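Undergrad: Input structure: entry01.tsv, which contains TSV, C-alpha atoms and all ligand atoms.
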```tsv
chain	number	residue	atom	x	y	z
A	16	MET	CA	86.26	136.73	82.42
A	17	LEU	CA	87.87	133.57	83.67
A	18	SER	CA	85.68	130.50	83.54
A	19	VAL	CA	85.25	128.23	86.57
A	20	VAL	CA	87.36	125.58	84.81
A	21	SER	CA	90.22	128.07	84.30
A	22	ILE	CA	90.07	129.14	87.95
A	23	LEU	CA	90.12	125.51	89.09
A	24	PHE	CA	93.01	124.78	86.76
A	25	ILE	CA	95.03	127.76	88.03
A	26	ALA	CA	94.27	126.76	91.65
A	27	PHE	CA	95.44	123.21	90.91
A	28	VAL	CA	98.70	124.42	89.33
A	29	LEU	CA	99.36	126.76	92.28
A	30	LEU	CA	98.65	123.95	94.75
A	31	LEU	CA	101.04	121.63	92.94
A	32	ALA	CA	103.71	124.34	92.80
A	33	ALA	CA	103.28	124.97	96.52
A	34	MET	CA	103.69	121.26	97.29
A	35	VAL	CA	106.86	120.95	95.24
A	36	ILE	CA	108.55	124.34	95.63
A	37	LEU	CA	107.76	125.53	99.19
A	38	PRO	CA	109.45	122.58	100.97
A	39	VAL	CA	112.72	123.53	99.25
A	40	PHE	CA	112.91	126.55	101.55
A	41	PHE	CA	112.43	124.36	104.64
A	42	GLY	CA	115.11	121.82	103.79
A	43	ALA	CA	114.15	119.39	101.03
A	44	PRO	CA	111.99	119.29	97.94
A	45	TRP	CA	109.32	116.67	97.35
A	46	HIS	CA	109.93	113.82	94.96
A	47	PRO	CA	107.30	111.05	95.04
A	48	LEU	CA	108.89	107.58	94.97
A	49	SER	CA	107.95	104.71	92.69
A	50	ASP	CA	106.40	101.63	94.33
A	51	GLU	CA	109.56	99.73	93.38
A	52	ASN	CA	111.80	102.16	95.27
A	53	ILE	CA	109.53	102.11	98.31
A	54	GLU	CA	109.80	98.30	98.33
A	55	ARG	CA	113.59	98.53	98.03
A	56	ILE	CA	113.83	100.98	100.95
A	57	ILE	CA	111.57	98.89	103.18
A	58	ASN	CA	113.53	95.70	102.53
A	59	PHE	CA	116.90	97.42	102.97
A	60	ALA	CA	115.84	98.84	106.37
A	61	ASP	CA	115.53	95.32	107.82
A	62	LEU	CA	112.53	96.31	109.96
A	63	GLN	CA	111.38	94.08	112.78
A	64	PRO	CA	107.72	93.67	113.82
A	65	GLY	CA	106.73	96.12	116.55
A	66	GLU	CA	109.58	98.55	115.90
A	67	LYS	CA	108.87	102.28	115.82
A	68	PHE	CA	109.63	103.51	112.34
A	69	TYR	CA	109.91	107.28	111.80
A	70	ASP	CA	109.93	109.14	108.49
A	71	LEU	CA	111.22	112.71	108.94
A	72	GLY	CA	109.77	114.69	106.05
A	73	SER	CA	107.16	112.03	105.39
A	74	GLY	CA	105.77	113.45	102.12
A	75	ASP	CA	102.73	111.51	100.93
A	76	GLY	CA	103.23	108.89	103.67
A	77	ARG	CA	103.57	105.95	101.28
A	78	VAL	CA	106.85	104.69	102.77
A	79	LEU	CA	105.27	104.66	106.23
A	80	ILE	CA	102.19	102.88	104.93
A	81	GLY	CA	104.23	100.27	103.05
A	82	ALA	CA	106.53	99.60	106.02
A	83	THR	CA	103.63	99.31	108.46
A	84	ARG	CA	101.66	97.02	106.19
A	85	GLU	CA	104.54	94.74	105.20
A	86	LYS	CA	106.71	94.67	108.32
A	87	CYS	CA	104.14	95.26	111.09
A	88	VAL	CA	105.99	98.27	112.46
A	89	ARG	CA	104.36	101.33	114.01
A	90	GLY	CA	104.81	104.37	111.81
A	91	THR	CA	105.32	108.01	112.72
A	92	GLY	CA	105.73	110.76	110.18
A	93	VAL	CA	106.43	114.46	110.45
A	94	GLU	CA	105.84	116.75	107.51
A	95	ILE	CA	106.02	120.54	107.22
A	96	ASP	CA	103.68	120.93	104.27
A	97	PRO	CA	100.02	120.94	105.43
A	98	ILE	CA	98.80	119.74	102.04
A	99	LYS	CA	100.98	116.65	102.18
A	100	VAL	CA	100.00	116.08	105.80
A	101	TRP	CA	96.36	116.14	104.73
A	102	LEU	CA	97.01	113.91	101.68
A	103	SER	CA	99.04	111.37	103.64
A	104	ARG	CA	96.38	111.17	106.35
A	105	ILE	CA	93.83	110.36	103.66
A	106	PHE	CA	96.12	107.59	102.36
A	107	VAL	CA	96.57	106.23	105.90
A	108	THR	CA	92.81	106.19	106.44
A	109	ALA	CA	92.24	104.52	103.06
A	110	ALA	CA	94.81	101.86	104.00
A	111	GLU	CA	92.95	101.32	107.32
A	112	LEU	CA	96.12	101.98	109.30
A	113	THR	CA	95.00	104.89	111.50
A	114	ASP	CA	95.75	102.86	114.64
A	115	LYS	CA	99.34	102.16	113.47
A	116	VAL	CA	100.46	105.24	111.53
A	117	GLN	CA	100.49	108.79	112.83
A	118	ILE	CA	101.34	111.81	110.71
A	119	HIS	CA	102.24	115.05	112.49
A	120	ARG	CA	102.43	118.50	111.01
A	121	GLY	CA	105.76	119.84	112.21
A	122	ASN	CA	109.40	120.53	111.64
A	123	ILE	CA	111.98	117.74	111.49
A	124	TYR	CA	114.50	119.90	113.37
A	125	ASP	CA	112.58	119.95	116.64
A	126	PHE	CA	110.56	116.74	116.38
A	127	ASP	CA	110.79	114.31	119.32
A	128	VAL	CA	112.68	111.24	118.06
A	129	SER	CA	113.54	109.73	121.44
A	130	GLU	CA	111.19	106.75	120.90
A	131	ALA	CA	112.31	105.87	117.37
A	132	ASP	CA	113.92	102.48	116.68
A	133	ILE	CA	114.60	103.39	113.10
A	134	ILE	CA	114.49	106.72	111.30
A	135	TYR	CA	114.15	106.97	107.55
A	136	LEU	CA	115.42	110.10	105.79
A	137	TYR	CA	115.08	111.19	102.20
A	138	LEU	CA	116.47	114.69	102.56
A	139	THR	CA	119.14	116.74	100.81
A	140	HIS	CA	122.70	117.01	102.13
A	141	GLN	CA	121.95	120.55	103.34
A	142	ALA	CA	118.97	119.32	105.37
A	143	LEU	CA	120.97	116.36	106.74
A	144	ASP	CA	123.82	118.70	107.67
A	145	GLN	CA	121.38	120.71	109.77
A	146	LEU	CA	120.05	117.58	111.49
A	147	PHE	CA	123.39	115.91	112.25
A	148	PRO	CA	125.10	115.39	114.59
A	149	GLU	CA	122.70	117.22	116.96
A	150	ILE	CA	119.82	114.76	116.46
A	151	LEU	CA	122.01	111.81	117.54
A	152	ASP	CA	121.95	113.05	121.15
A	153	ARG	CA	118.15	112.88	121.08
A	154	MET	CA	117.98	109.32	119.76
A	155	LYS	CA	118.25	105.93	121.46
A	156	PRO	CA	121.81	104.55	121.20
A	157	SER	CA	120.45	101.36	119.61
A	158	ALA	CA	118.48	103.26	116.96
A	159	ARG	CA	119.19	102.89	113.25
A	160	ILE	CA	118.97	105.44	110.45
A	161	VAL	CA	118.25	104.71	106.81
A	162	CYS	CA	119.06	107.37	104.24
A	163	TYR	CA	117.91	107.30	100.66
A	164	ARG	CA	120.06	108.98	97.96
A	165	PHE	CA	121.87	111.36	100.33
A	166	CYS	CA	124.25	109.97	102.93
A	167	ILE	CA	125.09	111.52	106.28
A	168	ARG	CA	128.42	113.28	106.05
A	169	ASN	CA	130.84	112.39	108.85
A	170	MET	CA	129.09	109.13	109.71
A	171	GLU	CA	130.21	105.69	108.66
A	172	PRO	CA	127.33	103.52	107.32
A	173	ILE	CA	127.14	99.93	108.54
A	174	LYS	CA	125.49	98.89	105.27
A	175	VAL	CA	125.30	100.34	101.74
A	176	ASN	CA	123.30	98.82	98.88
A	177	GLU	CA	124.80	97.88	95.51
A	178	ASP	CA	123.52	101.04	93.81
A	179	LYS	CA	125.08	103.14	96.59
A	180	ASN	CA	121.87	105.07	97.17
A	181	LEU	CA	120.73	103.46	100.43
A	182	PHE	CA	122.75	103.87	103.62
A	183	LEU	CA	122.15	102.27	107.00
A	184	TYR	CA	123.68	103.76	110.17
A	185	ARG	CA	123.58	102.93	113.85
A	186	VAL	CA	123.60	105.76	116.38
A	187	ASP	CA	126.06	103.95	118.67
A	188	LYS	CA	128.62	103.33	115.89
A	189	GLY	CA	131.55	105.65	115.15
A	190	ARG	CA	131.23	109.03	113.51
A	191	SER	CA	134.07	109.12	111.02
A	192	VAL	CA	134.19	110.68	107.56
A	193	ASN	CA	132.92	108.24	104.95
A	194	GLU	CA	133.73	107.76	101.31
A	195	TYR	CA	130.21	108.58	100.03
A	196	SER	CA	130.19	112.22	101.18
B	201	LIG	C1	112.28	114.13	99.19
B	201	LIG	S1	110.76	114.26	100.10
B	201	LIG	C2	110.68	112.68	100.91
B	201	LIG	C3	109.26	112.23	101.20
B	201	LIG	C4	109.14	110.85	101.84
B	201	LIG	N1	109.98	110.75	103.01
B	201	LIG	C5	109.51	109.79	100.83
B	201	LIG	O1	110.58	109.19	100.95
B	201	LIG	O2	108.72	109.57	99.91
B	201	LIG	C6	111.21	115.36	101.45
B	201	LIG	C7	110.01	115.78	102.26
B	201	LIG	O3	110.47	116.50	103.40
B	201	LIG	C8	109.55	117.56	103.67
B	201	LIG	N2	110.29	118.56	104.44
B	201	LIG	C9	111.27	119.39	104.00
B	201	LIG	N3	111.74	120.14	105.00
B	201	LIG	C10	111.05	119.78	106.12
B	201	LIG	C11	111.08	120.21	107.48
B	201	LIG	N4	111.95	121.15	107.88
B	201	LIG	N5	110.24	119.63	108.37
B	201	LIG	C12	109.35	118.68	107.95
B	201	LIG	N6	109.27	118.23	106.66
B	201	LIG	C13	110.11	118.77	105.76
B	201	LIG	C14	109.14	118.02	102.29
B	201	LIG	O4	107.91	118.74	102.33
B	201	LIG	C15	109.05	116.71	101.54
B	201	LIG	O5	107.74	116.18	101.61
```
Write out the structure in this file as structure tokens.
Ligand SMILES: C[S@@+](CC[C@H](N)C(=O)[O-])C[C@H]1O[C@@H](n2cnc3c(N)ncnc32)[C@H](O)[C@@H]1O

TA:
Amino acid sequence: MLSVVSILFIAFVLLLAAMVILPVFFGAPWHPLSDENIERIINFADLQPGEKFYDLGSGDGRVLIGATREKCVRGTGVEIDPIKVWLSRIFVTAAELTDKVQIHRGNIYDFDVSEADIIYLYLTHQALDQLFPEILDRMKPSARIVCYRFCIRNMEPIKVNEDKNLFLYRVDKGRSVNEYS
């Protein structure tokens, strides 16, 4: 007979596996970021107070929370995994940012991005290839895109960090093949 502790342990392991493995089939796995990396991303994005900051595949919501807290933006996240949606909403509530950060359960491929001033993406090349260039037609021409680790193929970044793992794009700039593909 399995004890209650064993059942809880197995449930915990299955939950963790579901959070990490299932998203792979939808486009990108989950990889929680260190506080240092979140800080780096927020500073690189050059966010302005009042801007609408979107995180497509928002994970645990910590990038949205950090950006909203530090740069006074309004955050919107979309996440396919209901467990991460639930977890990130708890984090948003704990940070007392429910009036500034919204997390939606949904799919990045059909999410309304027409209001976004800046979109942050930490997705694999395969997921980015499915999003681009189609998503550009649904975004404001003045909007910016920040990619972490994976660049957008066939789009020229307007800024790249020293480590070459952060890429900034503008929707209204050219779409030519870049050297980081
Ligand atoms: C690498 S994580 C990035 C999480 C967060 N943006 C960050 O930087 O910490 C990618 C996230 O995208 C989510 N995801 C993958 N495919 C998705 C889809 N089609 N729609 C919505 N979310 C998706 C995964 O569940 C995962 O949480």

Undergrad: Can you work out which one of A:Glu177, A:Val78, A:Tyr124, A:Asp132 has the shortest atom-to-atom distance to Gln145 of chain A, counting all atoms listed in the file?

TA: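 Of all the options, A:Tyr124 lies closest to Gln145 of chain A.
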
Undergrad: Restricting the calculation to all atoms listed in the file, which member of A:Leu30, A:Cys87, A:Ile105, A:Leu138 is positioned closest to ligand LIG 201 (chain B)?

TA: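 Using all atoms listed in the file, ligand LIG 201 (chain B) sits closest to A:Leu138.
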
Undergrad: Padding of 6 Å on every side, edges along x, y and z, all listed atoms of ligand LIG 201 (chain B) included: what centre and edge lengths in Å, to one decimal, does that box have, as lines of an AutoDock Vina configuration file?

TA:
```
center_x = 110.0
center_y = 115.2
center_z = 103.8
size_x = 16.5
size_y = 24.0
size_z = 21.2
```

Undergrad: What is the atom CA of Ala60 of chain A-atom CA of Ile150 of chain A distance in Å, reported with one decimal?

TA: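 Going from atom CA of Ala60 of chain A over to atom CA of Ile150 of chain A covers 19.3 Å.
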
Undergrad: Any residue with an atom at most 7 Å from ligand LIG 201 (chain B) counts, using only C-alpha atoms and all ligand atoms. Which are they? Put them as number ranges by chain.

TA: A: 38-39, 41-48, 70-78, 93-96, 99, 121-124, 136-138

Undergrad: Save the residues we just selected, C-alpha atoms, as a PDB file, in the coordinates of the input?

TA:
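The new file again-v2.pdb reads:
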```
ATOM      1  CA  PRO A  38     109.450 122.580 100.970  1.00  0.00           C
ATOM      2  CA  VAL A  39     112.720 123.530  99.250  1.00  0.00           C
ATOM      3  CA  PHE A  41     112.430 124.360 104.640  1.00  0.00           C
ATOM      4  CA  GLY A  42     115.110 121.820 103.790  1.00  0.00           C
ATOM      5  CA  ALA A  43     114.150 119.390 101.030  1.00  0.00           C
ATOM      6  CA  PRO A  44     111.990 119.290  97.940  1.00  0.00           C
ATOM      7  CA  TRP A  45     109.320 116.670  97.350  1.00  0.00           C
ATOM      8  CA  HIS A  46     109.930 113.820  94.960  1.00  0.00           C
ATOM      9  CA  PRO A  47     107.300 111.050  95.040  1.00  0.00           C
ATOM     10  CA  LEU A  48     108.890 107.580  94.970  1.00  0.00           C
ATOM     11  CA  ASP A  70     109.930 109.140 108.490  1.00  0.00           C
ATOM     12  CA  LEU A  71     111.220 112.710 108.940  1.00  0.00           C
ATOM     13  CA  GLY A  72     109.770 114.690 106.050  1.00  0.00           C
ATOM     14  CA  SER A  73     107.160 112.030 105.390  1.00  0.00           C
ATOM     15  CA  GLY A  74     105.770 113.450 102.120  1.00  0.00           C
ATOM     16  CA  ASP A  75     102.730 111.510 100.930  1.00  0.00           C
ATOM     17  CA  GLY A  76     103.230 108.890 103.670  1.00  0.00           C
ATOM     18  CA  ARG A  77     103.570 105.950 101.280  1.00  0.00           C
ATOM     19  CA  VAL A  78     106.850 104.690 102.770  1.00  0.00           C
ATOM     20  CA  VAL A  93     106.430 114.460 110.450  1.00  0.00           C
ATOM     21  CA  GLU A  94     105.840 116.750 107.510  1.00  0.00           C
ATOM     22  CA  ILE A  95     106.020 120.540 107.220  1.00  0.00           C
ATOM     23  CA  ASP A  96     103.680 120.930 104.270  1.00  0.00           C
ATOM     24  CA  LYS A  99     100.980 116.650 102.180  1.00  0.00           C
ATOM     25  CA  GLY A 121     105.760 119.840 112.210  1.00  0.00           C
ATOM     26  CA  ASN A 122     109.400 120.530 111.640  1.00  0.00           C
ATOM     27  CA  ILE A 123     111.980 117.740 111.490  1.00  0.00           C
ATOM     28  CA  TYR A 124     114.500 119.900 113.370  1.00  0.00           C
ATOM     29  CA  LEU A 136     115.420 110.100 105.790  1.00  0.00           C
ATOM     30  CA  TYR A 137     115.080 111.190 102.200  1.00  0.00           C
ATOM     31  CA  LEU A 138     116.470 114.690 102.560  1.00  0.00           C
TER      32      LEU A 138
END
```

Undergrad: Counting only C-alpha atoms, which residues have an atom no more than 12 Å from (116.0, 112.4, 119.7) in the file's coordinates? Please list them as a ChimeraX atom specification.

TA: /A:69,71,123-134,146-160,186

Undergrad: Using all atoms listed in the file, which of the listed residues (A:Cys166, A:Ala82, A:Ile53, A:Val161) sits closest to Ala142 of chain A?

TA: A:Cys166

Undergrad: Between atom CA of Ile118 of chain A and atom CA of Ala26 of chain A, measure the distance and give it in Å to one decimal.

TA: 25.2 Å

Undergrad: To one decimal in Å, tell me the separation between atom CA of Cys162 of chain A and atom CA of Leu183 of chain A.

TA: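 Computing the Euclidean distance for atom CA of Cys162 of chain A and atom CA of Leu183 of chain A yields 6.6 Å.
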
Undergrad: Using all atoms listed in the file, which protein or nucleic acid residues come within 12 Å of Arg84 of chain A? Drop anything in the same chain fewer than 5 positions from it, and give the result as a count of residues only.

TA: 19

Undergrad: Taking only C-alpha atoms into account, name the residue in A:Glu51, A:Asp187, A:Asp144, A:Glu66 that is nearest to Arg168 of chain A.

TA: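 Under the stated criterion, the closest residue is A:Asp144.
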
Undergrad: Would you please work out which residue, of A:Arg185, A:His140, A:Arg55, A:Lys179, is nearest to Phe165 of chain A when using only C-alpha atoms?

TA: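 Closest residue, counting only C-alpha atoms: A:His140.
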
Undergrad: Out of A:Val88, A:His119, A:Val20, A:Met170, which residue has the shortest atom-to-atom distance to Val100 of chain A when counting all atoms listed in the file?

TA: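 Comparing A:Val88, A:His119, A:Val20, A:Met170 against Val100 of chain A, the winner is A:His119.
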
Undergrad: Quick one: segment 50-185 of chain A with C-alpha atoms, as an mmCIF file, in the first residue's frame?

TA:
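This went into part_17.cif:
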```
data_model
loop_
_atom_site.group_PDB
_atom_site.id
_atom_site.type_symbol
_atom_site.label_atom_id
_atom_site.label_comp_id
_atom_site.auth_asym_id
_atom_site.auth_seq_id
_atom_site.Cartn_x
_atom_site.Cartn_y
_atom_site.Cartn_z
ATOM 1 C CA ASP A 50 16.738 37.169 -10.858
ATOM 2 C CA GLU A 51 19.933 38.457 -12.480
ATOM 3 C CA ASN A 52 18.757 37.491 -15.970
ATOM 4 C CA ILE A 53 15.323 39.001 -15.388
ATOM 5 C CA GLU A 54 17.029 42.269 -14.397
ATOM 6 C CA ARG A 55 19.202 42.117 -17.521
ATOM 7 C CA ILE A 56 16.186 41.568 -19.794
ATOM 8 C CA ILE A 57 14.193 44.395 -18.199
ATOM 9 C CA ASN A 58 17.056 46.871 -18.539
ATOM 10 C CA PHE A 59 17.846 45.822 -22.111
ATOM 11 C CA ALA A 60 14.196 46.323 -23.164
ATOM 12 C CA ASP A 61 14.427 50.067 -22.414
ATOM 13 C CA LEU A 62 10.829 50.174 -21.151
ATOM 14 C CA GLN A 63 9.068 53.491 -20.708
ATOM 15 C CA PRO A 64 6.492 54.181 -17.957
ATOM 16 C CA GLY A 65 2.949 53.471 -19.113
ATOM 17 C CA GLU A 66 3.954 51.213 -21.996
ATOM 18 C CA LYS A 67 2.084 47.964 -22.568
ATOM 19 C CA PHE A 68 4.527 45.133 -22.070
ATOM 20 C CA TYR A 69 3.512 41.654 -23.280
ATOM 21 C CA ASP A 70 5.172 38.350 -22.442
ATOM 22 C CA LEU A 71 4.065 35.611 -24.869
ATOM 23 C CA GLY A 72 4.570 32.341 -23.016
ATOM 24 C CA SER A 73 4.742 34.130 -19.682
ATOM 25 C CA GLY A 74 5.798 31.137 -17.542
ATOM 26 C CA ASP A 75 5.832 32.007 -13.845
ATOM 27 C CA GLY A 76 5.181 35.696 -14.623
ATOM 28 C CA ARG A 77 8.335 36.965 -12.914
ATOM 29 C CA VAL A 78 9.540 38.993 -15.920
ATOM 30 C CA LEU A 79 6.167 40.739 -16.103
ATOM 31 C CA ILE A 80 6.184 41.409 -12.372
ATOM 32 C CA GLY A 81 9.749 42.765 -12.427
ATOM 33 C CA ALA A 82 9.093 45.001 -15.444
ATOM 34 C CA THR A 83 5.864 46.366 -13.985
ATOM 35 C CA ARG A 84 7.410 47.027 -10.604
ATOM 36 C CA GLU A 85 10.634 48.611 -11.852
ATOM 37 C CA LYS A 86 9.560 50.412 -15.013
ATOM 38 C CA CYS A 87 5.894 51.216 -14.271
ATOM 39 C CA VAL A 88 4.644 49.468 -17.392
ATOM 40 C CA ARG A 89 1.361 47.586 -17.684
ATOM 41 C CA GLY A 90 1.959 43.873 -18.068
ATOM 42 C CA THR A 91 0.048 41.273 -20.063
ATOM 43 C CA GLY A 92 0.993 37.633 -20.177
ATOM 44 C CA VAL A 93 -0.359 34.652 -22.071
ATOM 45 C CA GLU A 94 0.519 31.140 -21.028
ATOM 46 C CA ILE A 95 -0.741 27.773 -22.266
ATOM 47 C CA ASP A 96 -0.010 25.779 -19.134
ATOM 48 C CA PRO A 97 -2.840 26.179 -16.572
ATOM 49 C CA ILE A 98 -0.524 25.369 -13.670
ATOM 50 C CA LYS A 99 1.835 28.188 -14.575
ATOM 51 C CA VAL A 100 -1.107 30.511 -15.151
ATOM 52 C CA TRP A 101 -2.320 29.712 -11.645
ATOM 53 C CA LEU A 102 1.185 30.050 -10.142
ATOM 54 C CA SER A 103 1.906 33.342 -11.884
ATOM 55 C CA ARG A 104 -1.435 34.789 -10.782
ATOM 56 C CA ILE A 105 -0.505 33.939 -7.198
ATOM 57 C CA PHE A 106 2.832 35.736 -7.664
ATOM 58 C CA VAL A 107 1.048 38.767 -9.160
ATOM 59 C CA THR A 108 -1.363 38.881 -6.227
ATOM 60 C CA ALA A 109 1.492 38.516 -3.724
ATOM 61 C CA ALA A 110 3.294 41.408 -5.444
ATOM 62 C CA GLU A 111 0.089 43.500 -5.163
ATOM 63 C CA LEU A 112 0.080 44.137 -8.907
ATOM 64 C CA THR A 113 -3.340 42.750 -9.865
ATOM 65 C CA ASP A 114 -4.389 46.158 -11.221
ATOM 66 C CA LYS A 115 -1.310 46.330 -13.495
ATOM 67 C CA VAL A 116 -0.555 42.755 -14.572
ATOM 68 C CA GLN A 117 -2.968 40.409 -16.312
ATOM 69 C CA ILE A 118 -2.207 36.775 -17.061
ATOM 70 C CA HIS A 119 -4.364 35.000 -19.636
ATOM 71 C CA ARG A 120 -4.609 31.302 -20.257
ATOM 72 C CA GLY A 121 -4.240 30.958 -24.008
ATOM 73 C CA ASN A 122 -2.140 30.264 -27.039
ATOM 74 C CA ILE A 123 0.517 32.698 -28.237
ATOM 75 C CA TYR A 124 -0.392 31.973 -31.870
ATOM 76 C CA ASP A 125 -3.839 33.533 -31.711
ATOM 77 C CA PHE A 126 -3.414 36.028 -28.874
ATOM 78 C CA ASP A 127 -4.429 39.639 -29.575
ATOM 79 C CA VAL A 128 -1.213 41.700 -29.623
ATOM 80 C CA SER A 129 -2.592 44.797 -31.340
ATOM 81 C CA GLU A 130 -2.229 46.927 -28.174
ATOM 82 C CA ALA A 131 1.320 45.893 -27.288
ATOM 83 C CA ASP A 132 4.102 48.508 -27.241
ATOM 84 C CA ILE A 133 6.713 45.892 -26.537
ATOM 85 C CA ILE A 134 6.594 42.118 -26.726
ATOM 86 C CA TYR A 135 9.042 39.929 -24.877
ATOM 87 C CA LEU A 136 9.721 36.410 -26.177
ATOM 88 C CA TYR A 137 11.707 33.599 -24.661
ATOM 89 C CA LEU A 138 10.748 30.872 -27.114
ATOM 90 C CA THR A 139 12.621 28.363 -29.246
ATOM 91 C CA HIS A 140 13.472 29.003 -32.898
ATOM 92 C CA GLN A 141 10.716 26.584 -33.931
ATOM 93 C CA ALA A 142 8.121 28.535 -31.931
ATOM 94 C CA LEU A 143 9.433 31.872 -33.262
ATOM 95 C CA ASP A 144 9.319 30.517 -36.813
ATOM 96 C CA GLN A 145 5.630 29.768 -36.327
ATOM 97 C CA LEU A 146 4.952 33.266 -34.966
ATOM 98 C CA PHE A 147 6.895 35.264 -37.559
ATOM 99 C CA PRO A 148 6.323 37.017 -39.862
ATOM 100 C CA GLU A 149 2.536 36.560 -39.469
ATOM 101 C CA ILE A 150 2.365 38.246 -36.041
ATOM 102 C CA LEU A 151 3.975 41.438 -37.411
ATOM 103 C CA ASP A 152 0.791 42.266 -39.339
ATOM 104 C CA ARG A 153 -1.146 42.166 -36.062
ATOM 105 C CA MET A 154 1.205 44.503 -34.199
ATOM 106 C CA LYS A 155 1.514 48.292 -34.081
ATOM 107 C CA PRO A 156 4.201 49.516 -36.514
ATOM 108 C CA SER A 157 5.954 51.327 -33.648
ATOM 109 C CA ALA A 158 6.041 48.221 -31.445
ATOM 110 C CA ARG A 159 9.289 46.643 -30.299
ATOM 111 C CA ILE A 160 10.167 43.003 -29.702
ATOM 112 C CA VAL A 161 12.734 41.684 -27.266
ATOM 113 C CA CYS A 162 13.956 38.119 -27.677
ATOM 114 C CA TYR A 163 15.986 36.253 -25.118
ATOM 115 C CA ARG A 164 18.422 33.522 -26.271
ATOM 116 C CA PHE A 165 16.677 32.830 -29.597
ATOM 117 C CA CYS A 166 16.648 35.501 -32.286
ATOM 118 C CA ILE A 167 14.002 35.975 -34.960
ATOM 119 C CA ARG A 168 15.244 34.536 -38.222
ATOM 120 C CA ASN A 169 14.874 36.878 -41.194
ATOM 121 C CA MET A 170 14.645 40.008 -39.057
ATOM 122 C CA GLU A 171 17.454 42.448 -38.427
ATOM 123 C CA PRO A 172 17.771 43.444 -34.733
ATOM 124 C CA ILE A 173 18.266 47.130 -33.953
ATOM 125 C CA LYS A 174 20.203 46.220 -30.799
ATOM 126 C CA VAL A 175 22.072 43.138 -29.557
ATOM 127 C CA ASN A 176 23.716 42.832 -26.141
ATOM 128 C CA GLU A 177 27.378 41.949 -25.614
ATOM 129 C CA ASP A 178 26.626 38.301 -24.810
ATOM 130 C CA LYS A 179 24.565 38.054 -28.008
ATOM 131 C CA ASN A 180 21.600 36.543 -26.189
ATOM 132 C CA LEU A 181 19.270 39.558 -26.152
ATOM 133 C CA PHE A 182 17.855 40.970 -29.371
ATOM 134 C CA LEU A 183 15.721 44.064 -29.840
ATOM 135 C CA TYR A 184 13.610 44.535 -32.992
ATOM 136 C CA ARG A 185 11.213 47.161 -34.261
#
```
